[in-house]
>>> print(open('query_34.tsv').read())   # TSV, C-alpha atoms and all ligand atoms
chain	number	residue	atom	x	y	z
S	1	MET	CA	25.61	-29.36	30.75
S	2	ALA	CA	24.51	-28.79	27.15
S	3	ASN	CA	25.28	-25.06	27.01
S	4	SER	CA	27.87	-23.23	29.03
S	5	ILE	CA	27.02	-19.85	30.53
S	6	GLU	CA	30.42	-18.82	31.90
S	7	GLY	CA	32.43	-17.30	29.07
S	8	SER	CA	29.50	-17.33	26.62
S	9	LYS	CA	28.04	-14.22	25.05
S	10	PHE	CA	24.37	-13.26	25.43
S	11	PHE	CA	22.59	-10.48	23.51
S	12	ILE	CA	19.53	-9.37	25.50
S	13	THR	CA	16.75	-7.30	23.97
S	14	GLY	CA	14.82	-5.57	26.74
S	15	GLY	CA	17.74	-6.23	29.10
S	16	ALA	CA	17.17	-2.97	30.99
S	17	GLY	CA	13.61	-3.96	31.89
S	18	PHE	CA	12.21	-5.71	34.94
S	19	ILE	CA	12.92	-9.34	34.02
S	20	GLY	CA	15.71	-8.43	31.57
S	21	SER	CA	17.78	-6.61	34.20
S	22	ASN	CA	17.42	-9.55	36.58
S	23	ILE	CA	18.63	-12.05	33.98
S	24	SER	CA	21.45	-9.66	32.96
S	25	GLU	CA	22.65	-9.50	36.54
S	26	LEU	CA	22.48	-13.28	36.94
S	27	LEU	CA	24.40	-13.80	33.70
S	28	VAL	CA	27.14	-11.35	34.67
S	29	GLY	CA	27.34	-13.07	38.06
S	30	LYS	CA	27.86	-16.41	36.29
S	31	GLY	CA	30.74	-15.02	34.22
S	32	ALA	CA	28.89	-14.50	30.91
S	33	ASN	CA	29.48	-11.58	28.55
S	34	THR	CA	26.22	-9.71	28.31
S	35	ALA	CA	25.18	-7.21	25.64
S	36	VAL	CA	21.97	-5.37	26.51
S	37	TYR	CA	19.97	-3.79	23.66
S	38	ASP	CA	17.06	-1.67	24.90
S	39	ASN	CA	15.25	1.52	23.89
S	40	LEU	CA	14.51	2.32	27.57
S	41	SER	CA	10.80	2.87	26.81
S	42	SER	CA	9.74	1.09	29.99
S	43	GLY	CA	13.05	-0.16	31.39
S	44	SER	CA	15.64	1.88	33.23
S	45	TYR	CA	19.37	2.34	32.71
S	46	SER	CA	19.68	2.53	36.50
S	47	PHE	CA	18.78	-1.20	36.73
S	48	ILE	CA	21.97	-2.22	34.89
S	49	GLU	CA	24.25	0.78	35.38
S	50	GLY	CA	26.33	-0.93	38.07
S	51	LEU	CA	27.18	-3.79	35.70
S	52	VAL	CA	28.30	-1.69	32.73
S	53	GLY	CA	31.96	-2.38	32.02
S	54	LYS	CA	31.94	-5.34	34.43
S	55	GLY	CA	30.74	-7.95	31.94
S	56	LEU	CA	27.83	-5.93	30.56
S	57	LYS	CA	27.74	-3.63	27.54
S	58	PHE	CA	24.72	-1.39	26.89
S	59	THR	CA	23.44	-0.23	23.51
S	60	LYS	CA	20.42	2.05	23.29
S	61	GLY	CA	18.44	0.79	20.33
S	62	ASP	CA	14.99	-0.19	19.15
S	63	VAL	CA	14.13	-3.71	17.98
S	64	LEU	CA	11.91	-2.06	15.36
S	65	ASP	CA	15.04	-0.50	13.81
S	66	ARG	CA	15.84	-3.62	11.81
S	67	GLU	CA	19.18	-2.50	10.35
S	68	PHE	CA	20.62	-1.11	13.56
S	69	LEU	CA	19.49	-4.20	15.47
S	70	ALA	CA	21.06	-6.52	12.88
S	71	SER	CA	24.39	-4.70	12.91
S	72	ALA	CA	24.48	-4.47	16.72
S	73	MET	CA	23.80	-8.20	17.03
S	74	LYS	CA	26.31	-9.16	14.34
S	75	ALA	CA	29.00	-7.05	16.01
S	76	GLU	CA	28.52	-9.03	19.24
S	77	SER	CA	28.31	-12.47	17.55
S	78	PRO	CA	26.43	-13.91	20.53
S	79	ASP	CA	26.04	-17.59	21.46
S	80	ALA	CA	22.44	-16.89	22.43
S	81	VAL	CA	19.91	-14.11	21.97
S	82	VAL	CA	17.51	-13.48	24.84
S	83	HIS	CA	14.48	-11.72	23.33
S	84	PHE	CA	12.59	-10.02	26.17
S	85	ALA	CA	11.82	-6.61	24.59
S	86	ALA	CA	8.06	-6.05	24.35
S	87	ASN	CA	5.34	-3.88	25.66
S	88	PRO	CA	4.50	-5.99	28.75
S	89	ASN	CA	1.05	-4.47	29.30
S	90	ALA	CA	-1.51	-7.30	29.20
S	91	LYS	CA	-4.33	-4.71	29.12
S	92	LEU	CA	-3.38	-3.54	25.62
S	93	GLY	CA	-6.04	-2.71	23.07
S	94	LYS	CA	-5.33	-3.13	19.36
S	95	GLY	CA	-3.66	-1.37	16.46
S	96	GLN	CA	-0.64	-1.37	14.18
S	97	ASP	CA	1.73	-0.10	16.90
S	98	LEU	CA	0.79	-3.10	18.96
S	99	ILE	CA	1.43	-5.51	16.10
S	100	ASN	CA	4.82	-3.85	15.58
S	101	GLU	CA	5.74	-4.07	19.26
S	102	GLY	CA	4.56	-7.64	19.68
S	103	ILE	CA	5.14	-9.42	16.37
S	104	VAL	CA	7.29	-7.36	13.95
S	105	SER	CA	9.82	-6.96	16.77
S	106	THR	CA	10.16	-10.76	17.07
S	107	TYR	CA	10.47	-11.11	13.30
S	108	ASN	CA	13.25	-8.48	13.30
S	109	VAL	CA	15.09	-10.28	16.09
S	110	LEU	CA	14.84	-13.59	14.20
S	111	GLU	CA	16.10	-12.02	10.97
S	112	ALA	CA	19.01	-10.50	12.89
S	113	CYS	CA	19.74	-13.93	14.42
S	114	ARG	CA	19.79	-15.48	10.96
S	115	HIS	CA	22.22	-12.86	9.61
S	116	ALA	CA	24.47	-13.13	12.66
S	117	ASN	CA	24.39	-16.95	12.56
S	118	VAL	CA	23.04	-17.14	16.12
S	119	LYS	CA	22.38	-20.72	17.19
S	120	ASN	CA	20.10	-20.19	20.22
S	121	ILE	CA	17.13	-17.95	20.97
S	122	ILE	CA	15.49	-17.61	24.40
S	123	PHE	CA	12.02	-16.04	24.32
S	124	SER	CA	9.70	-14.65	27.02
S	125	SER	CA	6.25	-15.95	26.16
S	126	SER	CA	3.32	-16.01	28.52
S	127	GLY	CA	0.71	-18.26	30.08
S	128	SER	CA	-1.84	-15.97	28.43
S	129	ILE	CA	-1.45	-17.96	25.19
S	130	TYR	CA	-3.62	-20.74	26.73
S	131	GLY	CA	-6.65	-18.43	27.02
S	132	ILE	CA	-9.46	-19.90	29.15
S	133	ALA	CA	-7.92	-23.34	29.53
S	134	LYS	CA	-10.11	-26.29	30.49
S	135	VAL	CA	-7.23	-28.08	32.24
S	136	LYS	CA	-5.66	-26.58	35.40
S	137	PRO	CA	-2.81	-26.42	36.13
S	138	THR	CA	-2.35	-26.06	32.36
S	139	PRO	CA	0.50	-28.13	30.89
S	140	GLU	CA	2.67	-27.10	27.91
S	141	GLU	CA	1.01	-29.58	25.54
S	142	TYR	CA	-2.50	-28.17	26.16
S	143	GLY	CA	-4.45	-27.15	23.08
S	144	PRO	CA	-6.04	-25.77	21.03
S	145	LEU	CA	-4.38	-22.50	22.03
S	146	LYS	CA	-7.01	-19.77	22.01
S	147	PRO	CA	-5.71	-16.54	23.58
S	148	ILE	CA	-8.38	-14.06	24.69
S	149	SER	CA	-6.18	-10.94	24.67
S	150	MET	CA	-4.11	-9.13	22.04
S	151	TYR	CA	-1.13	-9.66	24.32
S	152	GLY	CA	-1.66	-13.45	24.32
S	153	ALA	CA	-2.27	-13.46	20.57
S	154	MET	CA	1.03	-11.65	19.94
S	155	LYS	CA	2.96	-14.04	22.15
S	156	LEU	CA	1.45	-17.01	20.29
S	157	ALA	CA	2.27	-15.41	16.92
S	158	SER	CA	5.85	-14.85	18.09
S	159	GLU	CA	6.11	-18.50	19.17
S	160	GLY	CA	4.97	-19.47	15.67
S	161	LEU	CA	7.62	-17.30	14.01
S	162	ILE	CA	10.32	-18.72	16.27
S	163	SER	CA	9.26	-22.28	15.48
S	164	ALA	CA	9.33	-21.56	11.72
S	165	PHE	CA	12.76	-19.88	11.82
S	166	SER	CA	14.08	-22.74	13.93
S	167	SER	CA	12.94	-25.30	11.40
S	168	MET	CA	14.06	-23.31	8.33
S	169	TYR	CA	17.40	-22.01	9.59
S	170	GLY	CA	18.47	-24.40	12.34
S	171	ILE	CA	18.11	-22.13	15.36
S	172	ASN	CA	17.54	-23.85	18.74
S	173	PHE	CA	14.67	-22.30	20.64
S	174	TYR	CA	13.93	-21.97	24.35
S	175	ILE	CA	10.38	-20.65	24.72
S	176	PHE	CA	9.32	-19.87	28.29
S	177	ARG	CA	5.68	-19.24	29.13
S	178	PHE	CA	5.80	-17.16	32.28
S	179	ALA	CA	3.07	-16.91	34.91
S	180	ASN	CA	2.68	-13.39	36.36
S	181	VAL	CA	6.20	-12.37	37.30
S	182	VAL	CA	6.81	-10.19	40.36
S	183	GLY	CA	9.85	-8.99	42.27
S	184	ARG	CA	12.84	-6.64	42.27
S	185	ASN	CA	12.91	-3.99	39.54
S	186	ALA	CA	9.20	-4.43	38.82
S	187	THR	CA	7.94	-1.50	36.79
S	188	HIS	CA	4.31	-2.57	36.48
S	189	GLY	CA	1.89	-5.27	37.65
S	190	VAL	CA	-0.64	-5.74	40.42
S	191	VAL	CA	1.52	-5.04	43.50
S	192	PHE	CA	3.09	-2.00	41.85
S	193	ASP	CA	-0.34	-0.66	40.80
S	194	LEU	CA	-2.02	-1.23	44.19
S	195	ILE	CA	0.79	0.42	46.16
S	196	ASN	CA	0.79	3.43	43.84
S	197	LYS	CA	-2.96	3.80	44.31
S	198	LEU	CA	-2.52	3.73	48.08
S	199	ARG	CA	0.21	6.35	47.86
S	200	LYS	CA	-2.32	8.65	46.19
S	201	ASN	CA	-5.18	7.77	48.56
S	202	GLY	CA	-4.25	5.90	51.74
S	203	SER	CA	-7.81	5.42	52.96
S	204	GLU	CA	-9.34	3.59	50.00
S	205	LEU	CA	-8.01	0.97	47.57
S	206	GLN	CA	-9.79	0.58	44.23
S	207	VAL	CA	-9.25	-2.99	42.98
S	208	LEU	CA	-9.77	-3.98	39.34
S	209	GLY	CA	-12.38	-6.74	39.06
S	210	ASP	CA	-14.40	-8.30	41.89
S	211	GLY	CA	-11.32	-9.63	43.71
S	212	THR	CA	-12.17	-13.32	43.23
S	213	GLN	CA	-9.78	-13.66	40.27
S	214	ARG	CA	-7.18	-16.33	41.05
S	215	LYS	CA	-3.76	-16.10	39.47
S	216	SER	CA	-0.41	-17.78	39.66
S	217	TYR	CA	2.60	-15.58	40.50
S	218	VAL	CA	6.25	-16.41	40.17
S	219	SER	CA	9.17	-14.59	41.72
S	220	VAL	CA	11.53	-12.96	39.24
S	221	ASP	CA	14.39	-14.76	41.04
S	222	ASP	CA	12.83	-18.14	40.22
S	223	CYS	CA	11.91	-16.94	36.74
S	224	VAL	CA	15.43	-16.01	35.60
S	225	SER	CA	17.11	-18.87	37.48
S	226	ALA	CA	14.77	-21.36	35.80
S	227	VAL	CA	15.40	-19.87	32.34
S	228	LEU	CA	19.16	-20.25	32.69
S	229	TYR	CA	18.81	-23.68	34.32
S	230	VAL	CA	16.88	-25.02	31.32
S	231	TYR	CA	19.16	-23.30	28.79
S	232	ALA	CA	22.29	-24.74	30.41
S	233	LYS	CA	20.88	-28.26	30.74
S	234	SER	CA	19.00	-28.82	27.47
S	235	GLY	CA	20.70	-29.15	24.11
S	236	ASP	CA	17.42	-30.01	22.35
S	237	ARG	CA	16.43	-28.05	19.24
S	238	GLU	CA	12.96	-27.24	20.59
S	239	ASN	CA	12.26	-26.33	24.22
S	240	ILE	CA	8.95	-25.09	25.62
S	241	PHE	CA	8.56	-24.69	29.39
S	242	ASN	CA	6.02	-22.99	31.62
S	243	ILE	CA	7.62	-21.05	34.46
S	244	ALA	CA	5.30	-20.82	37.43
S	245	SER	CA	5.12	-21.40	41.15
S	246	ASP	CA	3.09	-24.22	42.74
S	247	ASP	CA	-0.11	-22.34	43.49
S	248	GLN	CA	-2.45	-19.39	42.96
S	249	ILE	CA	-3.54	-16.43	45.06
S	250	SER	CA	-6.69	-14.33	44.74
S	251	VAL	CA	-6.60	-10.64	43.89
S	252	SER	CA	-8.50	-9.96	47.14
S	253	GLU	CA	-5.73	-11.71	49.13
S	254	ILE	CA	-3.12	-9.64	47.29
S	255	ALA	CA	-5.03	-6.47	48.20
S	256	ASP	CA	-5.04	-7.62	51.87
S	257	ILE	CA	-1.27	-8.12	51.82
S	258	VAL	CA	-0.70	-4.70	50.27
S	259	VAL	CA	-3.11	-2.90	52.64
S	260	ASP	CA	-1.54	-4.62	55.64
S	261	LYS	CA	1.95	-3.51	54.62
S	262	ALA	CA	1.22	-0.10	53.10
S	263	ALA	CA	-1.90	1.46	54.64
S	264	LYS	CA	-3.47	-0.51	57.48
S	265	GLY	CA	-7.22	0.04	57.67
S	266	ALA	CA	-7.64	1.21	54.07
S	267	MET	CA	-11.00	0.12	52.66
S	268	LYS	CA	-10.93	-2.20	49.64
S	269	VAL	CA	-13.37	-1.22	46.90
S	270	PHE	CA	-13.92	-3.90	44.28
S	271	GLY	CA	-15.17	-3.58	40.73
S	272	THR	CA	-18.44	-5.12	39.63
S	273	THR	CA	-17.09	-7.33	36.84
S	274	LYS	CA	-15.23	-10.59	37.48
S	275	GLY	CA	-12.26	-9.63	35.29
S	276	GLY	CA	-10.21	-6.48	35.75
S	277	TRP	CA	-10.05	-5.64	32.02
S	278	PRO	CA	-11.11	-7.13	28.65
S	279	GLY	CA	-8.89	-10.18	28.10
S	280	ASP	CA	-8.17	-10.72	31.81
S	281	ILE	CA	-7.85	-14.45	32.54
S	282	THR	CA	-9.68	-14.68	35.85
S	283	ASP	CA	-8.53	-18.20	36.78
S	284	ASN	CA	-5.00	-18.50	35.55
S	285	PHE	CA	-2.92	-21.45	36.66
S	286	ILE	CA	-0.16	-22.87	34.50
S	287	SER	CA	1.61	-26.09	35.43
S	288	ASN	CA	5.23	-26.18	36.55
S	289	LYS	CA	5.40	-30.00	36.50
S	290	LYS	CA	7.60	-30.19	33.40
S	291	LEU	CA	10.01	-27.66	34.89
S	292	LYS	CA	10.17	-29.53	38.21
S	293	ASP	CA	10.59	-32.91	36.50
S	294	PHE	CA	13.50	-31.33	34.60
S	295	GLY	CA	15.09	-30.49	37.94
S	296	TYR	CA	14.21	-26.87	38.76
S	297	VAL	CA	12.10	-26.45	41.91
S	298	PRO	CA	10.79	-22.90	42.53
S	299	ARG	CA	11.78	-21.41	45.90
S	300	PHE	CA	8.79	-19.05	46.21
S	301	ASN	CA	5.04	-19.68	46.14
S	302	SER	CA	2.56	-17.05	44.92
S	303	ARG	CA	2.08	-15.51	48.38
S	304	SER	CA	5.77	-15.24	49.28
S	305	ALA	CA	6.55	-13.82	45.84
S	306	ILE	CA	3.84	-11.15	46.31
S	307	GLU	CA	4.99	-10.33	49.87
S	308	THR	CA	8.62	-9.93	48.79
S	309	THR	CA	7.55	-7.67	45.93
S	310	ALA	CA	5.41	-5.48	48.20
S	311	ASP	CA	8.41	-5.06	50.54
S	312	TYR	CA	10.60	-4.13	47.57
S	313	VAL	CA	8.17	-1.55	46.15
S	314	LEU	CA	7.63	-0.05	49.63
S	315	SER	CA	11.39	0.20	50.19
S	316	GLY	CA	11.37	3.12	47.73
S	317	LYS	CA	13.92	1.45	45.44
S	318	ALA	CA	11.40	0.82	42.63
S	319	LYS	CA	11.30	3.02	39.53
S	320	PRO	CA	8.58	5.67	40.11
S	321	ALA	CA	5.28	5.02	38.29
S	401	LIG	N1	6.13	-9.35	33.80
S	401	LIG	C1	5.36	-10.40	33.56
S	401	LIG	O1	4.55	-10.81	34.41
S	401	LIG	C2	5.50	-11.15	32.27
S	401	LIG	C3	4.75	-12.33	32.08
S	401	LIG	C4	4.86	-13.03	30.88
S	401	LIG	C5	5.73	-12.56	29.90
S	401	LIG	N2	6.43	-11.42	30.09
S	401	LIG	C6	7.31	-10.95	29.03
S	401	LIG	O2	8.63	-10.81	29.54
S	401	LIG	C7	9.31	-9.77	28.82
S	401	LIG	C8	9.88	-8.77	29.79
S	401	LIG	O3	8.80	-8.15	30.47
S	401	LIG	P1	9.00	-7.22	31.73
S	401	LIG	O4	7.91	-7.53	32.66
S	401	LIG	O5	10.41	-7.30	32.20
S	401	LIG	O6	8.69	-5.80	31.10
S	401	LIG	P2	9.56	-4.45	31.02
S	401	LIG	O7	8.72	-3.42	30.38
S	401	LIG	O8	10.12	-4.13	32.35
S	401	LIG	O9	10.72	-4.88	30.05
S	401	LIG	C9	10.65	-4.76	28.64
S	401	LIG	C10	11.92	-4.06	28.19
S	401	LIG	O10	11.90	-3.98	26.77
S	401	LIG	C11	12.27	-2.65	26.39
S	401	LIG	N3	11.63	-2.40	25.11
S	401	LIG	C12	10.30	-2.29	24.85
S	401	LIG	N4	10.09	-2.07	23.53
S	401	LIG	C13	11.32	-2.05	22.97
S	401	LIG	C14	11.76	-1.85	21.64
S	401	LIG	N5	10.88	-1.62	20.65
S	401	LIG	N6	13.08	-1.89	21.38
S	401	LIG	C15	13.98	-2.12	22.39
S	401	LIG	N7	13.62	-2.30	23.67
S	401	LIG	C16	12.30	-2.27	23.94
S	401	LIG	C17	11.78	-1.76	27.50
S	401	LIG	O11	12.46	-0.52	27.59
S	401	LIG	C18	12.05	-2.63	28.73
S	401	LIG	O12	13.36	-2.43	29.22
S	401	LIG	C19	8.27	-9.17	27.86
S	401	LIG	O13	8.42	-9.81	26.61
S	401	LIG	C20	6.96	-9.57	28.49
S	401	LIG	O14	5.92	-9.64	27.55
S	401	LIG	C21	6.34	-10.70	31.26
>>> encode(input="query_34.tsv", output="structure tokens", more="lines below")
Ligand SMILES: NC(=O)c1ccc[n+]([C@@H]2O[C@H](COP(=O)([O-])OP(=O)(O)OC[C@H]3O[C@@H](n4cnc5c(N)ncnc54)[C@H](O)[C@@H]3O)[C@@H](O)[C@H]2O)c1
Amino acid sequence: MANSIEGSKFFITGGAGFIGSNISELLVGKGANTAVYDNLSSGSYSFIEGLVGKGLKFTKGDVLDREFLASAMKAESPDAVVHFAANPNAKLGKGQDLINEGIVSTYNVLEACRHANVKNIIFSSSGSIYGIAKVKPTPEEYGPLKPISMYGAMKLASEGLISAFSSMYGINFYIFRFANVVGRNATHGVVFDLINKLRKNGSELQVLGDGTQRKSYVSVDDCVSAVLYVYAKSGDRENIFNIASDDQISVSEIADIVVDKAAKGAMKVFGTTKGGWPGDITDNFISNKKLKDFGYVPRFNSRSAIETTADYVLSGKAKPA
């Protein structure tokens, strides 16, 4: 193994969020020291509360507060920084707040890494950086990269900053381009949205887009396991991996799963446009071949990941919308 996890220290921005809380729990379970830094804007303290004092330390802080972030990181002196804090909403519009949340935040984290002499950064990028790719499933070396959403553009800009800091200051990077992630502690996303709509009106389900959109979903369990698998195994300076399951599922099929579990007989009402929102990638399928060749085989496909998530949201354990 190139990097040990047991006994190492991880500083996790956004560690109280959906994916962040799952990786925090996995790290604590593997015997790592975990410092979560989160402003709780979309995450929840309840997701990590049970781990506080048992290998996890929580600091409420904003990644846009450059000085506080730098001093909090330096005080921990982590072996790796996991940078997951972001506004995860792919339907975002535009504006300075957005640039701050998506790009300035990454710059601040990198500056803090430089001052704290951190050697490894793990970053949550997205398959949205590929835009409307001509090759499916889309491999990591696909280009030119032409995102069609502000969200994708900010992830690509962050990847660029990470690459530059790595080259200039000798920081190893682990960039992961996630497919649509679903599962325990989800606070947003298609299953979450559809179930909340049905809770408000159990006889009719309004679906964004015409339902024919096909997307690749990955379980959060596979997502965080794959991240730590690659981090532990690769000692390379530069690492870029897609994290996705083997297949796609249509939005109409997802609506069927949700209706079947939550409100049998509810009528599905589709939109008239193919995409659900401006910047929606209606046929999104990123390749997991590199990840599998490296030795990590996902346990869930898109359908089983969606079904498990629907069961979780319906169990009442999810954070209220
Ligand atoms: N969920 C997905 O399908 C998906 C897909 C691709 C990439 N990603 C990326 O993965 C990361 C985690 O996403 P998630 O789905 O867990 O979302 P999330 O909203 O549940 O988690 C983000 C966390 O960051 C925190 N945060 C936001 N702004 C902050 C700030 N300025 N300072 C400190 N903390 C801040 C939030 O409180 C939250 O706990 C994000 O970078 C997201 O863009 C998510």
>>> closest_atom_pairs(input="query_34.tsv", of="chain S", to="ligand LIG 401 (chain S)", cutoff="8 Å", atoms="only C-alpha atoms and all ligand atoms", output="JSON lines")
{"residue": "S:Thr13", "atom": "CA", "partner": "S:LIG401", "partner_atom": "N7", "distance": 5.9}
{"residue": "S:Gly14", "atom": "CA", "partner": "S:LIG401", "partner_atom": "O10", "distance": 3.3}
{"residue": "S:Gly15", "atom": "CA", "partner": "S:LIG401", "partner_atom": "O12", "distance": 5.8}
{"residue": "S:Ala16", "atom": "CA", "partner": "S:LIG401", "partner_atom": "O12", "distance": 4.2}
{"residue": "S:Gly17", "atom": "CA", "partner": "S:LIG401", "partner_atom": "O12", "distance": 3.1}
{"residue": "S:Phe18", "atom": "CA", "partner": "S:LIG401", "partner_atom": "O5", "distance": 3.6}
{"residue": "S:Ile19", "atom": "CA", "partner": "S:LIG401", "partner_atom": "O5", "distance": 3.7}
{"residue": "S:Gly20", "atom": "CA", "partner": "S:LIG401", "partner_atom": "O5", "distance": 5.5}
{"residue": "S:Ser21", "atom": "CA", "partner": "S:LIG401", "partner_atom": "O5", "distance": 7.7}
{"residue": "S:Tyr37", "atom": "CA", "partner": "S:LIG401", "partner_atom": "C15", "distance": 6.3}
{"residue": "S:Asp38", "atom": "CA", "partner": "S:LIG401", "partner_atom": "N7", "distance": 3.7}
{"residue": "S:Asn39", "atom": "CA", "partner": "S:LIG401", "partner_atom": "C15", "distance": 4.1}
{"residue": "S:Leu40", "atom": "CA", "partner": "S:LIG401", "partner_atom": "O11", "distance": 3.5}
{"residue": "S:Ser41", "atom": "CA", "partner": "S:LIG401", "partner_atom": "O11", "distance": 3.9}
{"residue": "S:Ser42", "atom": "CA", "partner": "S:LIG401", "partner_atom": "O11", "distance": 4.0}
{"residue": "S:Gly43", "atom": "CA", "partner": "S:LIG401", "partner_atom": "O12", "distance": 3.2}
{"residue": "S:Ser44", "atom": "CA", "partner": "S:LIG401", "partner_atom": "O12", "distance": 6.3}
{"residue": "S:Lys60", "atom": "CA", "partner": "S:LIG401", "partner_atom": "C15", "distance": 7.7}
{"residue": "S:Gly61", "atom": "CA", "partner": "S:LIG401", "partner_atom": "C15", "distance": 5.7}
{"residue": "S:Asp62", "atom": "CA", "partner": "S:LIG401", "partner_atom": "N6", "distance": 3.4}
{"residue": "S:Val63", "atom": "CA", "partner": "S:LIG401", "partner_atom": "N6", "distance": 4.0}
{"residue": "S:Leu64", "atom": "CA", "partner": "S:LIG401", "partner_atom": "N5", "distance": 5.4}
{"residue": "S:Asp65", "atom": "CA", "partner": "S:LIG401", "partner_atom": "N6", "distance": 7.9}
{"residue": "S:His83", "atom": "CA", "partner": "S:LIG401", "partner_atom": "O13", "distance": 7.2}
{"residue": "S:Phe84", "atom": "CA", "partner": "S:LIG401", "partner_atom": "O13", "distance": 4.2}
{"residue": "S:Ala85", "atom": "CA", "partner": "S:LIG401", "partner_atom": "O10", "distance": 3.4}
{"residue": "S:Ala86", "atom": "CA", "partner": "S:LIG401", "partner_atom": "O13", "distance": 4.4}
{"residue": "S:Asn87", "atom": "CA", "partner": "S:LIG401", "partner_atom": "C12", "distance": 5.3}
{"residue": "S:Pro88", "atom": "CA", "partner": "S:LIG401", "partner_atom": "O14", "distance": 4.1}
{"residue": "S:Asn89", "atom": "CA", "partner": "S:LIG401", "partner_atom": "O14", "distance": 7.3}
{"residue": "S:Ala90", "atom": "CA", "partner": "S:LIG401", "partner_atom": "O14", "distance": 8.0}
{"residue": "S:Glu101", "atom": "CA", "partner": "S:LIG401", "partner_atom": "N5", "distance": 5.9}
{"residue": "S:Ser105", "atom": "CA", "partner": "S:LIG401", "partner_atom": "N5", "distance": 6.7}
{"residue": "S:Phe123", "atom": "CA", "partner": "S:LIG401", "partner_atom": "O13", "distance": 7.6}
{"residue": "S:Ser124", "atom": "CA", "partner": "S:LIG401", "partner_atom": "O2", "distance": 4.7}
{"residue": "S:Ser125", "atom": "CA", "partner": "S:LIG401", "partner_atom": "C5", "distance": 5.1}
{"residue": "S:Ser126", "atom": "CA", "partner": "S:LIG401", "partner_atom": "C4", "distance": 4.1}
{"residue": "S:Gly127", "atom": "CA", "partner": "S:LIG401", "partner_atom": "C4", "distance": 6.7}
{"residue": "S:Ser128", "atom": "CA", "partner": "S:LIG401", "partner_atom": "C4", "distance": 7.7}
{"residue": "S:Tyr151", "atom": "CA", "partner": "S:LIG401", "partner_atom": "O14", "distance": 7.8}
{"residue": "S:Lys155", "atom": "CA", "partner": "S:LIG401", "partner_atom": "O14", "distance": 7.6}
{"residue": "S:Arg177", "atom": "CA", "partner": "S:LIG401", "partner_atom": "C4", "distance": 6.5}
{"residue": "S:Phe178", "atom": "CA", "partner": "S:LIG401", "partner_atom": "C4", "distance": 4.5}
{"residue": "S:Ala179", "atom": "CA", "partner": "S:LIG401", "partner_atom": "C3", "distance": 5.6}
{"residue": "S:Asn180", "atom": "CA", "partner": "S:LIG401", "partner_atom": "O1", "distance": 3.7}
{"residue": "S:Val181", "atom": "CA", "partner": "S:LIG401", "partner_atom": "O1", "distance": 3.7}
{"residue": "S:Val182", "atom": "CA", "partner": "S:LIG401", "partner_atom": "O1", "distance": 6.4}
{"residue": "S:Asn185", "atom": "CA", "partner": "S:LIG401", "partner_atom": "O8", "distance": 7.7}
{"residue": "S:Ala186", "atom": "CA", "partner": "S:LIG401", "partner_atom": "O8", "distance": 6.5}
{"residue": "S:Thr187", "atom": "CA", "partner": "S:LIG401", "partner_atom": "O8", "distance": 5.6}
{"residue": "S:His188", "atom": "CA", "partner": "S:LIG401", "partner_atom": "O4", "distance": 7.2}
{"residue": "S:Gly189", "atom": "CA", "partner": "S:LIG401", "partner_atom": "O1", "distance": 6.9}
{"residue": "S:Tyr217", "atom": "CA", "partner": "S:LIG401", "partner_atom": "O1", "distance": 8.0}
>>> residues_around(input="query_34.tsv", residues="range 199-208 of chain S", least_positions_apart="4", cutoff="6 Å", atoms="all atoms listed in the file", output="VMD selection string")
chain S and resid 263 266 to 271 276
>>> residues_around(input="query_34.tsv", residues="Val251 in chain S", least_positions_apart="3", cutoff="6 Å", atoms="all atoms listed in the file", output="NGL selection string")
:S and (211 or 213 or 254)
>>> atom_distance(input="query_34.tsv", atom1="CA of Ile306 in chain S", atom2="CA of Phe294 in chain S")
25.3 Å
>>> atom_distance(input="query_34.tsv", atom1="CA of Asp280 in chain S", atom2="CA of Leu161 in chain S")
24.7 Å
>>> axis_aligned_box(input="query_34.tsv", around="range 102-110 of chain S", padding_each_side="5 Å", output="lines of an AutoDock Vina configuration file")
center_x = 9.8
center_y = -10.3
center_z = 16.5
size_x = 20.5
size_y = 16.6
size_z = 16.4
>>> residues_around(input="query_34.tsv", residues="range 109-119 of chain S", least_positions_apart="6", cutoff="6 Å", atoms="all atoms listed in the file", output="list in words")
Ala70, Lys74, Ile171 and Asn172 of chain S
>>> closest_residue(input="query_34.tsv", among="S:Tyr142, S:Glu49, S:Lys94, S:Tyr296", to="Pro278 in chain S", atoms="only C-alpha atoms")
S:Lys94
>>> residues_around(input="query_34.tsv", residues="Ala153 in chain S", least_positions_apart="6", cutoff="12 Å", atoms="all atoms listed in the file", output="PyMOL selection string")
chain S and resi 90+92-94+98-99+102-103+125-131+145-147+159-160+279
>>> closest_residue(input="query_34.tsv", among="S:Ser245, S:Ser4, S:Ser46, S:Thr106", to="Gly31 in chain S", atoms="all atoms listed in the file")
S:Ser4
>>> closest_residue(input="query_34.tsv", among="S:Ser149, S:Asn108, S:Ser219, S:Ser287", to="Phe165 in chain S", atoms="all atoms listed in the file")
S:Asn108
>>> atom_distance(input="query_34.tsv", atom1="CA of Leu194 in chain S", atom2="CA of Ser216 in chain S")
17.2 Å
>>> closest_residue(input="query_34.tsv", among="S:Ile281, S:Arg66, S:Val82, S:Ile48", to="Val104 in chain S", atoms="only C-alpha atoms")
S:Arg66
>>> closest_residue(input="query_34.tsv", among="S:Leu51, S:Val36, S:Leu156, S:Val191", to="Leu314 in chain S", atoms="only C-alpha atoms")
S:Val191
>>> residues_around(input="query_34.tsv", residues="range 282-285 of chain S", least_positions_apart="6", cutoff="7 Å", atoms="only C-alpha atoms", output="list in words")
Lys136, Pro137, Thr138, Gln213, Arg214, Lys215, Ser216, Gln248 and Gly275 of chain S
>>> residues_near_point(input="query_34.tsv", point="(1.9, -6.6, 45.0)", cutoff="9 Å", atoms="only C-alpha atoms", output="ChimeraX atom specification")
/S:182-183,189-195,254-255,257-258,305-311,313
